[in-house]
Each structure stands twice: as structure tokens, then as C-alpha cells.
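Next comes protein21.cif, with mmCIF, C-alpha atoms.
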```cif
data_query
#
loop_
_atom_site.group_PDB
_atom_site.id
_atom_site.type_symbol
_atom_site.label_atom_id
_atom_site.label_comp_id
_atom_site.auth_asym_id
_atom_site.auth_seq_id
_atom_site.Cartn_x
_atom_site.Cartn_y
_atom_site.Cartn_z
ATOM 1 C CA MET J 1 35.570 33.520 23.380
ATOM 2 C CA LYS J 2 37.441 30.284 24.008
ATOM 3 C CA VAL J 3 35.075 29.694 26.933
ATOM 4 C CA VAL J 4 32.040 30.156 24.690
ATOM 5 C CA ASP J 5 33.535 27.716 22.185
ATOM 6 C CA LEU J 6 34.060 25.152 24.933
ATOM 7 C CA ILE J 7 30.553 25.556 26.351
ATOM 8 C CA PHE J 8 28.924 25.321 22.920
ATOM 9 C CA ARG J 9 31.047 22.274 22.103
ATOM 10 C CA LEU J 10 30.041 20.439 25.254
ATOM 11 C CA VAL J 11 26.378 21.441 24.960
ATOM 12 C CA MET J 12 25.995 20.524 21.288
ATOM 13 C CA GLY J 13 28.088 17.377 21.568
ATOM 14 C CA GLY J 14 26.171 16.336 24.682
ATOM 15 C CA ILE J 15 22.788 16.930 23.070
ATOM 16 C CA PHE J 16 23.782 14.895 20.022
ATOM 17 C CA ILE J 17 25.133 12.016 22.103
ATOM 18 C CA ALA J 18 22.041 11.953 24.327
ATOM 19 C CA SER J 19 19.559 12.112 21.478
ATOM 20 C CA ALA J 20 21.455 9.439 19.523
ATOM 21 C CA VAL J 21 21.510 7.075 22.503
ATOM 22 C CA ALA J 22 17.795 7.657 23.089
ATOM 23 C CA LYS J 23 17.016 6.797 19.476
ATOM 24 C CA ILE J 24 19.250 3.764 19.131
ATOM 25 C CA TRP J 25 18.236 2.070 22.368
ATOM 26 C CA ASN J 26 14.617 3.226 22.252
ATOM 27 C CA VAL J 27 14.767 4.962 25.641
ATOM 28 C CA GLN J 28 11.330 5.697 27.077
ATOM 29 C CA VAL J 29 10.502 7.652 30.182
ATOM 30 C CA SER J 30 7.099 7.496 31.829
ATOM 31 C CA HIS J 31 5.709 8.352 35.237
ATOM 32 C CA ALA J 32 4.434 4.826 35.653
ATOM 33 C CA HIS J 33 7.535 2.885 34.700
ATOM 34 C CA GLY J 34 10.414 5.332 35.076
ATOM 35 C CA MET J 35 13.077 4.921 32.445
ATOM 36 C CA GLU J 36 12.959 1.919 30.135
ATOM 37 C CA PHE J 37 15.247 1.067 27.293
ATOM 38 C CA SER J 38 16.146 -1.803 25.026
ATOM 39 C CA HIS J 39 19.386 -3.657 25.714
ATOM 40 C CA VAL J 40 20.062 -4.015 22.023
ATOM 41 C CA PRO J 41 19.693 -1.461 19.208
ATOM 42 C CA ASP J 42 15.973 -1.126 18.561
ATOM 43 C CA LEU J 43 15.121 1.376 15.875
ATOM 44 C CA ALA J 44 11.588 0.351 14.943
ATOM 45 C CA ALA J 45 9.941 3.216 16.830
ATOM 46 C CA PHE J 46 12.339 5.815 15.489
ATOM 47 C CA ALA J 47 11.934 4.490 11.940
ATOM 48 C CA LYS J 48 8.198 5.056 12.303
ATOM 49 C CA ASP J 49 8.814 8.644 13.411
ATOM 50 C CA VAL J 50 11.081 9.215 10.412
ATOM 51 C CA ALA J 51 8.500 7.782 8.029
ATOM 52 C CA ASN J 52 5.809 10.061 9.485
ATOM 53 C CA TYR J 53 7.660 13.142 8.270
ATOM 54 C CA HIS J 54 7.221 12.007 4.652
ATOM 55 C CA VAL J 55 10.500 13.740 3.855
ATOM 56 C CA PRO J 56 12.672 10.843 2.678
ATOM 57 C CA PRO J 57 10.943 8.491 0.210
ATOM 58 C CA ARG J 58 8.972 6.047 2.309
ATOM 59 C CA ALA J 59 11.146 3.067 1.384
ATOM 60 C CA LEU J 60 14.252 4.854 2.668
ATOM 61 C CA ALA J 61 12.879 5.793 6.098
ATOM 62 C CA ASN J 62 14.410 2.693 7.677
ATOM 63 C CA LEU J 63 17.805 3.375 6.142
ATOM 64 C CA VAL J 64 17.741 6.900 7.568
ATOM 65 C CA ALA J 65 16.721 5.558 10.973
ATOM 66 C CA ILE J 66 19.493 2.959 10.917
ATOM 67 C CA THR J 67 22.315 5.338 10.004
ATOM 68 C CA LEU J 68 21.333 8.778 11.290
ATOM 69 C CA PRO J 69 21.642 8.173 15.060
ATOM 70 C CA TRP J 70 25.114 6.659 14.668
ATOM 71 C CA ILE J 71 26.291 9.640 12.632
ATOM 72 C CA GLU J 72 24.912 11.859 15.421
ATOM 73 C CA LEU J 73 26.642 9.751 18.050
ATOM 74 C CA LEU J 74 29.982 9.828 16.263
ATOM 75 C CA ALA J 75 29.870 13.553 15.481
ATOM 76 C CA GLY J 76 28.712 14.412 19.022
ATOM 77 C CA GLY J 77 31.387 12.204 20.568
ATOM 78 C CA LEU J 78 34.169 13.682 18.477
ATOM 79 C CA LEU J 79 33.003 17.222 19.242
ATOM 80 C CA VAL J 80 32.997 16.596 22.987
ATOM 81 C CA CYS J 81 36.382 14.851 22.874
ATOM 82 C CA GLY J 82 37.867 17.644 20.785
ATOM 83 C CA ILE J 83 38.903 15.389 17.915
ATOM 84 C CA TRP J 84 38.196 16.717 14.421
ATOM 85 C CA LYS J 85 36.199 19.424 16.163
ATOM 86 C CA ARG J 86 35.541 21.554 13.131
ATOM 87 C CA ALA J 87 34.613 18.649 10.903
ATOM 88 C CA SER J 88 32.187 17.264 13.485
ATOM 89 C CA ALA J 89 30.730 20.765 14.031
ATOM 90 C CA LEU J 90 30.219 20.932 10.271
ATOM 91 C CA VAL J 91 28.384 17.589 10.256
ATOM 92 C CA ILE J 92 26.218 18.726 13.159
ATOM 93 C CA THR J 93 25.455 22.029 11.443
ATOM 94 C CA ALA J 94 24.409 20.209 8.286
ATOM 95 C CA LEU J 95 22.206 17.845 10.314
ATOM 96 C CA MET J 96 20.575 20.770 12.134
ATOM 97 C CA VAL J 97 19.726 22.339 8.755
ATOM 98 C CA VAL J 98 18.113 19.047 7.707
ATOM 99 C CA PHE J 99 16.205 18.724 11.014
ATOM 100 C CA LEU J 100 14.940 22.289 10.797
ATOM 101 C CA ALA J 101 13.816 21.759 7.226
ATOM 102 C CA ALA J 102 12.034 18.533 8.198
ATOM 103 C CA ILE J 103 10.221 20.166 11.110
ATOM 104 C CA GLY J 104 9.311 23.136 8.922
ATOM 105 C CA TRP J 105 8.003 20.725 6.303
ATOM 106 C CA ALA J 106 5.885 18.867 8.855
ATOM 107 C CA LEU J 107 4.477 22.103 10.274
ATOM 108 C CA ALA J 108 3.759 23.501 6.816
ATOM 109 C CA HIS J 109 1.798 20.356 5.976
ATOM 110 C CA GLY J 110 0.027 20.346 9.312
ATOM 111 C CA TYR J 111 1.288 16.880 10.255
ATOM 112 C CA ASP J 112 0.324 16.059 13.828
ATOM 113 C CA ILE J 113 3.306 13.785 14.452
ATOM 114 C CA ARG J 114 5.762 12.970 17.167
ATOM 115 C CA CYS J 115 8.912 15.030 16.886
ATOM 116 C CA GLY J 116 11.311 12.097 17.280
ATOM 117 C CA CYS J 117 13.948 14.710 18.053
ATOM 118 C CA PHE J 118 15.086 12.759 21.086
ATOM 119 C CA GLY J 119 13.847 9.435 19.838
ATOM 120 C CA THR J 120 10.929 8.193 21.875
ATOM 121 C CA VAL J 121 12.078 9.691 25.171
ATOM 122 C CA GLU J 122 9.421 12.352 24.912
ATOM 123 C CA ALA J 123 6.055 12.094 23.285
ATOM 124 C CA ARG J 124 6.377 15.704 22.205
ATOM 125 C CA LYS J 125 4.747 16.620 18.939
ATOM 126 C CA VAL J 126 6.358 18.626 16.186
ATOM 127 C CA GLY J 127 5.658 22.296 16.826
ATOM 128 C CA VAL J 128 6.952 25.818 17.025
ATOM 129 C CA VAL J 129 8.902 25.050 20.215
ATOM 130 C CA ALA J 130 10.875 22.327 18.440
ATOM 131 C CA LEU J 131 11.483 24.758 15.591
ATOM 132 C CA LEU J 132 12.871 27.410 17.955
ATOM 133 C CA GLU J 133 15.026 24.888 19.816
ATOM 134 C CA ASP J 134 16.484 23.616 16.591
ATOM 135 C CA GLY J 135 17.084 27.179 15.443
ATOM 136 C CA ALA J 136 19.099 27.881 18.602
ATOM 137 C CA MET J 137 21.047 24.648 18.154
ATOM 138 C CA LEU J 138 21.743 25.450 14.517
ATOM 139 C CA ALA J 139 23.146 28.827 15.596
ATOM 140 C CA MET J 140 25.447 27.146 18.119
ATOM 141 C CA ALA J 141 26.595 24.526 15.641
ATOM 142 C CA ALA J 142 27.221 27.095 12.918
ATOM 143 C CA TRP J 143 29.204 29.202 15.384
ATOM 144 C CA LEU J 144 31.394 26.200 16.158
ATOM 145 C CA ALA J 145 31.854 25.250 12.509
ATOM 146 C CA TRP J 146 32.926 28.839 11.868
ATOM 147 C CA ARG J 147 35.157 29.322 14.888
ATOM 148 C CA LEU J 148 36.875 26.046 15.563
ATOM 149 C CA ASN J 149 39.906 24.839 13.746
ATOM 150 C CA ASP J 150 41.315 21.368 13.725
ATOM 151 C CA GLY J 151 44.895 22.374 14.180
ATOM 152 C CA SER J 152 45.746 22.613 10.504
ATOM 153 C CA ALA J 153 45.461 26.404 10.574
ATOM 154 C CA ALA J 154 48.209 26.599 13.186
ATOM 155 C CA ASN J 155 50.547 25.004 10.672
ATOM 156 C CA ASN J 156 49.702 27.528 7.976
ATOM 157 C CA GLY J 157 52.735 29.620 8.711
ATOM 158 C CA GLY J 158 50.949 31.314 11.600
ATOM 159 C CA LYS J 159 48.482 33.103 9.337
ATOM 160 C CA SER J 160 45.652 32.560 11.760
ATOM 161 C CA MET C 1 38.451 23.968 4.577
ATOM 162 C CA ARG C 2 38.835 21.187 2.047
ATOM 163 C CA ARG C 3 40.311 18.927 4.665
ATOM 164 C CA THR C 4 37.455 19.768 7.036
ATOM 165 C CA ILE C 5 34.904 18.763 4.427
ATOM 166 C CA GLN C 6 36.775 15.532 3.739
ATOM 167 C CA ARG C 7 36.811 14.746 7.441
ATOM 168 C CA ALA C 8 33.127 15.593 7.723
ATOM 169 C CA LEU C 9 32.385 13.117 4.948
ATOM 170 C CA VAL C 10 34.478 10.500 6.737
ATOM 171 C CA ILE C 11 32.409 11.071 9.905
ATOM 172 C CA VAL C 12 29.162 10.665 7.969
ATOM 173 C CA LEU C 13 30.357 7.523 6.203
ATOM 174 C CA ALA C 14 31.823 5.978 9.341
ATOM 175 C CA GLY C 15 28.617 6.717 11.252
ATOM 176 C CA ALA C 16 26.526 5.161 8.503
ATOM 177 C CA VAL C 17 28.705 2.041 8.440
ATOM 178 C CA LEU C 18 28.518 1.785 12.238
ATOM 179 C CA GLY C 19 24.742 2.072 12.056
ATOM 180 C CA LEU C 20 24.435 -0.592 9.380
ATOM 181 C CA ALA C 21 26.728 -2.918 11.339
ATOM 182 C CA ALA C 22 24.917 -2.324 14.637
ATOM 183 C CA ASN C 23 21.565 -3.003 13.018
ATOM 184 C CA ALA C 24 22.902 -6.120 11.314
ATOM 185 C CA VAL C 25 23.961 -7.686 14.617
ATOM 186 C CA SER C 26 21.002 -6.489 16.684
ATOM 187 C CA PRO C 27 18.402 -9.154 17.491
ATOM 188 C CA ARG C 28 15.854 -6.389 16.944
ATOM 189 C CA ARG C 29 17.182 -5.386 13.545
ATOM 190 C CA ILE C 30 14.840 -3.642 11.175
ATOM 191 C CA PRO C 31 14.761 -4.138 7.380
ATOM 192 C CA TYR C 32 17.072 -1.809 5.436
ATOM 193 C CA LEU C 33 14.209 -0.670 3.292
ATOM 194 C CA THR C 34 10.858 0.176 4.782
ATOM 195 C CA PRO C 35 8.396 -2.574 3.834
ATOM 196 C CA ARG C 36 5.461 -1.342 1.900
ATOM 197 C CA LYS C 37 2.371 -1.291 4.030
ATOM 198 C CA ALA C 38 -0.382 -3.571 2.890
ATOM 199 C CA ALA C 39 -3.297 -1.419 1.870
ATOM 200 C CA SER C 40 -6.263 -1.595 4.190
ATOM 201 C CA ARG C 41 -8.905 -3.948 2.932
ATOM 202 C CA ALA C 42 -12.077 -2.147 2.026
ATOM 203 C CA GLU C 43 -14.255 -4.325 4.242
ATOM 204 C CA ASP C 44 -12.104 -3.421 7.226
ATOM 205 C CA THR C 45 -12.642 0.282 6.905
ATOM 206 C CA VAL C 46 -15.608 2.559 7.316
ATOM 207 C CA ALA C 47 -16.093 5.755 5.313
ATOM 208 C CA LEU C 48 -16.381 9.024 7.189
ATOM 209 C CA GLN C 49 -19.921 9.544 5.933
ATOM 210 C CA GLN C 50 -21.054 6.176 7.248
ATOM 211 C CA ALA C 51 -19.166 6.598 10.499
ATOM 212 C CA GLN C 52 -20.919 9.897 10.990
ATOM 213 C CA GLU C 53 -24.335 8.321 10.386
ATOM 214 C CA LEU C 54 -23.588 5.521 12.833
ATOM 215 C CA TRP C 55 -22.384 8.089 15.353
ATOM 216 C CA ALA C 56 -25.507 10.238 14.903
ATOM 217 C CA SER C 57 -27.812 7.246 15.353
ATOM 218 C CA GLY C 58 -25.877 6.125 18.412
ATOM 219 C CA SER C 59 -25.706 2.587 17.073
ATOM 220 C CA ALA C 60 -21.937 2.164 17.151
ATOM 221 C CA PHE C 61 -19.221 2.245 19.772
ATOM 222 C CA PHE C 62 -16.297 4.465 18.931
ATOM 223 C CA LEU C 63 -12.934 3.425 20.333
ATOM 224 C CA ASP C 64 -9.896 5.693 20.367
ATOM 225 C CA ALA C 65 -6.739 3.605 19.925
ATOM 226 C CA ARG C 66 -4.305 6.459 20.492
ATOM 227 C CA GLU C 67 -2.288 7.227 23.599
ATOM 228 C CA PRO C 68 -4.293 8.485 26.614
ATOM 229 C CA ALA C 69 -2.698 11.932 26.357
ATOM 230 C CA ASP C 70 -3.907 12.289 22.777
ATOM 231 C CA TYR C 71 -7.371 11.150 23.838
ATOM 232 C CA ALA C 72 -7.447 13.695 26.653
ATOM 233 C CA ALA C 73 -6.387 16.452 24.268
ATOM 234 C CA GLY C 74 -9.393 15.754 22.075
ATOM 235 C CA HIS C 75 -11.449 12.844 20.786
ATOM 236 C CA ILE C 76 -14.625 12.014 18.918
ATOM 237 C CA ALA C 77 -17.520 12.832 21.210
ATOM 238 C CA GLY C 78 -18.616 9.725 23.077
ATOM 239 C CA ALA C 79 -15.607 7.664 22.045
ATOM 240 C CA LEU C 80 -13.994 5.453 24.665
ATOM 241 C CA SER C 81 -10.250 5.392 25.172
ATOM 242 C CA LEU C 82 -8.619 2.032 24.500
ATOM 243 C CA PRO C 83 -4.944 2.508 23.679
ATOM 244 C CA ILE C 84 -3.674 -0.646 22.022
ATOM 245 C CA GLU C 85 -0.361 -0.264 23.856
ATOM 246 C CA GLU C 86 -2.171 -0.620 27.185
ATOM 247 C CA PHE C 87 -4.834 -3.063 26.054
ATOM 248 C CA ASN C 88 -4.549 -5.540 28.919
ATOM 249 C CA ASP C 89 -4.800 -2.856 31.585
ATOM 250 C CA ARG C 90 -7.650 -0.979 30.016
ATOM 251 C CA PHE C 91 -9.903 -3.421 28.273
ATOM 252 C CA ALA C 92 -11.984 -4.531 31.279
ATOM 253 C CA PRO C 93 -14.148 -1.377 31.666
ATOM 254 C CA VAL C 94 -14.684 -1.202 27.892
ATOM 255 C CA GLU C 95 -15.534 -4.900 27.704
ATOM 256 C CA ARG C 96 -18.466 -4.416 30.092
ATOM 257 C CA MET C 97 -20.095 -2.067 27.577
ATOM 258 C CA LEU C 98 -19.660 -4.256 24.508
ATOM 259 C CA THR C 99 -21.635 -7.199 23.209
ATOM 260 C CA PRO C 100 -20.106 -9.604 20.658
ATOM 261 C CA ASP C 101 -22.402 -8.199 17.969
ATOM 262 C CA ALA C 102 -21.749 -4.553 18.773
ATOM 263 C CA THR C 103 -20.814 -2.297 15.884
ATOM 264 C CA ILE C 104 -17.380 -0.984 16.775
ATOM 265 C CA ILE C 105 -15.511 1.764 14.991
ATOM 266 C CA ILE C 106 -11.880 2.327 15.850
ATOM 267 C CA TYR C 107 -9.766 5.292 14.940
ATOM 268 C CA CYS C 108 -6.374 6.786 15.493
ATOM 269 C CA ASP C 109 -4.743 9.589 13.553
ATOM 270 C CA GLY C 110 -2.662 9.960 10.417
ATOM 271 C CA LEU C 111 -2.714 7.919 7.241
ATOM 272 C CA ASP C 112 0.187 5.822 8.483
ATOM 273 C CA CYS C 113 -1.212 5.192 11.950
ATOM 274 C CA ASP C 114 -1.571 1.456 12.485
ATOM 275 C CA LEU C 115 -2.880 1.590 16.082
ATOM 276 C CA SER C 116 -6.512 1.243 15.029
ATOM 277 C CA GLU C 117 -5.800 -1.700 12.729
ATOM 278 C CA ARG C 118 -3.861 -3.460 15.476
ATOM 279 C CA LEU C 119 -6.727 -2.888 17.905
ATOM 280 C CA MET C 120 -9.184 -4.162 15.298
ATOM 281 C CA VAL C 121 -7.216 -7.384 14.886
ATOM 282 C CA ARG C 122 -7.052 -7.798 18.651
ATOM 283 C CA LEU C 123 -10.783 -7.349 19.115
ATOM 284 C CA ARG C 124 -11.567 -9.773 16.285
ATOM 285 C CA GLU C 125 -9.402 -12.364 17.966
ATOM 286 C CA LEU C 126 -11.623 -11.917 21.021
ATOM 287 C CA GLY C 127 -14.730 -12.588 18.943
ATOM 288 C CA TYR C 128 -15.979 -9.105 18.121
ATOM 289 C CA HIS C 129 -16.696 -9.524 14.432
ATOM 290 C CA ASN C 130 -18.363 -6.231 13.625
ATOM 291 C CA VAL C 131 -15.262 -4.074 13.968
ATOM 292 C CA ARG C 132 -13.970 -1.619 11.416
ATOM 293 C CA HIS C 133 -11.597 1.290 11.466
ATOM 294 C CA LEU C 134 -11.888 4.848 10.254
ATOM 295 C CA VAL C 135 -8.736 5.686 8.293
ATOM 296 C CA ASN C 136 -6.997 8.857 9.499
ATOM 297 C CA GLY C 137 -9.974 9.081 11.847
ATOM 298 C CA TRP C 138 -9.215 11.923 14.195
ATOM 299 C CA SER C 139 -7.982 14.282 11.473
ATOM 300 C CA ALA C 140 -10.872 13.415 9.173
ATOM 301 C CA TRP C 141 -13.433 13.882 11.962
ATOM 302 C CA ARG C 142 -11.967 17.209 13.000
ATOM 303 C CA ARG C 143 -11.700 18.452 9.440
ATOM 304 C CA ALA C 144 -15.389 17.666 8.923
ATOM 305 C CA GLU C 145 -16.052 19.728 12.078
ATOM 306 C CA LEU C 146 -17.995 16.942 13.758
ATOM 307 C CA ALA C 147 -18.587 16.758 17.498
ATOM 308 C CA THR C 148 -15.537 16.299 19.710
ATOM 309 C CA HIS C 149 -14.798 16.310 23.416
ATOM 310 C CA THR C 150 -11.712 16.870 25.488
ATOM 311 C CA GLY C 151 -10.716 15.364 28.833
ATOM 312 C CA GLU C 152 -9.888 11.997 30.306
ATOM 313 C CA LEU C 153 -13.305 10.408 30.693
ATOM 314 C CA PRO C 154 -15.129 8.322 29.704
#
```

For the file at hand, write its structure as C-alpha cells.
Amino acid sequence: MKVVDLIFRLVMGGIFIASAVAKIWNVQVSHAHGMEFSHVPDLAAFAKDVANYHVPPRALANLVAITLPWIELLAGGLLVCGIWKRASALVITALMVVFLAAIGWALAHGYDIRCGCFGTVEARKVGVVALLEDGAMLAMAAWLAWRLNDGSAANNGGKS
Amino acid sequence: MRRTIQRALVIVLAGAVLGLAANAVSPRRIPYLTPRKAASRAEDTVALQQAQELWASGSAFFLDAREPADYAAGHIAGALSLPIEEFNDRFAPVERMLTPDATIIIYCDGLDCDLSERLMVRLRELGYHNVRHLVNGWSAWRRAELATHTGELP
């Protein structure tokens, strides 16, 4: 099972790092221009995507867009590096619950909006596929939050 | 478990602080609070009913300001594609069909979509004065079950 833990850690951490980078630096991929990105943090496009969900109060959409990708980046980075693994898995699990709820909310209201899941890298709309993907990621994250320990258990008199 | 939760909170707080700092130093920083959008001025918009009448009489040009992929997936029948993001590349063929006095109705999709307003401003700068936009156009049109087409052209 250690192998499964490792694979899930690298996959989930990697996904979170990649999606955070895409959001922060406004990475865009098109057939015509290949990959383009901003050289400085550029969150305007992502903030728009956040606002379109109508989940946070409209005034707070920017604040979410400013902070969320960096929390993702930090949690993903720590998970991959194996530092505070369980805590970062817990953060990622909580975020996946929020993302799933937001996508469910958008679908329930019939919003025809860009997912924003990977920033602006993909023009993909919110839909059932995104819901299923996020469900699978939530399962992986929850598994990690359940399974991993940050070393403190080993000092519990060997109870683990 | 308590320690894990404490650490998780530290991660969230540290990430938030990082984000605030990164935004503060970025030349492309965005405001911390989302600015309230100025409400559309009434004279800039056209009601669905009136848009439909203009469409039925064939006396107005309909321009779709959304991305080409959205246009291809479905648009108001007879509307031309003019994505604001690609204005310079795509305006020439549309320009040939317009006169300065033409009645032009622009739409995109969603109540928050500002593509049509941006296109309206652009066209007014070029001297087209009879331009208005249909708020939440594509959704409203579809909901009213009015005529639509799919595909890339025209």
C-alpha cells in the first residue's frame, strides 16, 4: 500500500502544482500560438472564472482568486516533497470538497461557464466530466489524508 | 490529529499570505475586492422582444462576441462571429457587410459577460453609432426557443 500512497501523493501534488501555476501565471495553450503565459502573476482571468460561479459573494471573488492558487501550490508542493504530508493532504481534501460543491452548484443552476479548474489552460466548460474528475481526485486526497502520517504517530509509543 | 489540523491551517494561512504578497508586487495586480460592475446603461441595451423583431424583419446585423468555438457550437441564426479577443484579425470580412448607419446587435452569454459591451465600445470608436447589446443574449435567445444555427460559417 506504500506504493499506492506514493503514487497518489505524486499525482495529487502534481495536479495541484500544475493547476496552481496555470492559474497564477495565466497559462494559455492554443493551436495557433502554442503555450503562452504571463511573466508576472496575472489573476484577472481566473478571478473572472471564480466570479462566474456566483459561489463566493461577488466582492470576494478577487480575494479567492488571489489566495486560492497559492494555497494549492503550497499544499501540492509539500505533498510532493513529503513534508507535512498528512496536513497538506487534509488541505487538498478540503479544497476538493469545495471544488466539487462549486461545480455541483454551477451545474444545478445551469451556468454555462468555464471550469477554471486548470486556470485558463483549457477552455473547458463546467460539466459532468469535471464533476467525475473531481470526485476521483477527492477520493485520492481523502485516502491520503486518512493513510498518511506526519511522523508524530511513530513517536506515540509505537501504537501505530 | 489536532496537530495535523493546526498544520493544515498554517498551510492555508501561509498560502493566503503568499498570494496576497505576490499580488501586491505583481505589475498586473488585481484589486483585493472585486469592483462592482457599472450597470449597463439602458440606451446601450436592447430588449429580447425588440431584438427578436429586428431579427425577424432582417433589419439588424447580429454579431456574436464570444469565442469562435462557442459560436460554432451554436449561435443566433444569421449572426456573424466577431470575437472581441480576435477583433483585428476578424473584423475585415464583417466590415464589408456593415454601413456606418447599420443597426447592430451584439451578444455574448451570461449576465456577467462583458465581451459584447467591449465589442460595442470598439465599434462605436470606429463610428458605428447604432450599436446595442443584448444582455445575456445567447441564453435568453435559446430560452425563448428562437432560431439558432450551429457551425463555423458565416

Would you kindly report the residues of chain J within 10 Å of chain C, using all atoms listed in the file, as a VMD selection string? chain J and resid 24 38 to 44 47 to 48 51 to 52 57 to 75 78 84 to 92 94 111 to 113 123 145 149 to 150 152 to 153

Given 4 Å on each side, where is the centre and what are the edge lengths in Å to one decimal of the axis-aligned box enclosing the listed atoms of range 85-96 of chain J, as JSON?
```
{"center_x": 28.4, "center_y": 19.6, "center_z": 12.2, "size_x": 23.6, "size_y": 12.8, "size_z": 15.9}
```

CA of Gln28 in chain J and CA of Gly119 in chain J are how many Å apart?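 CA of Gly119 in chain J lies at a distance of 8.5 Å from CA of Gln28 in chain J.
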
Quick one: distance from CA of Val131 in chain C to CA of Glu86 in chain C in Å, one decimal?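 Distance reported for this atom pair: 18.9 Å.
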
Run the PyMOL selection byres ((chain C and resi 81) around 7) on the file and write out the hits as a VMD selection string. chain C and resid 63 to 65 68 71 79 to 80 82 to 83

Residues of the last selection are to be written out with C-alpha atoms, as an mmCIF file, in the coordinates of the input.
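Once written, out-v7.cif looks like this:
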```
data_model
loop_
_atom_site.group_PDB
_atom_site.id
_atom_site.type_symbol
_atom_site.label_atom_id
_atom_site.label_comp_id
_atom_site.auth_asym_id
_atom_site.auth_seq_id
_atom_site.Cartn_x
_atom_site.Cartn_y
_atom_site.Cartn_z
ATOM 1 C CA LEU C 63 -12.934 3.425 20.333
ATOM 2 C CA ASP C 64 -9.896 5.693 20.367
ATOM 3 C CA ALA C 65 -6.739 3.605 19.925
ATOM 4 C CA PRO C 68 -4.293 8.485 26.614
ATOM 5 C CA TYR C 71 -7.371 11.150 23.838
ATOM 6 C CA ALA C 79 -15.607 7.664 22.045
ATOM 7 C CA LEU C 80 -13.994 5.453 24.665
ATOM 8 C CA LEU C 82 -8.619 2.032 24.500
ATOM 9 C CA PRO C 83 -4.944 2.508 23.679
#
```

Would you kindly translate the PyMOL selection byres ((chain C and resi 43-46) around 6) into the concrete residues it picks from this file, as an MDAnalysis selection string? chainID C and resid 41:42 47 132:134
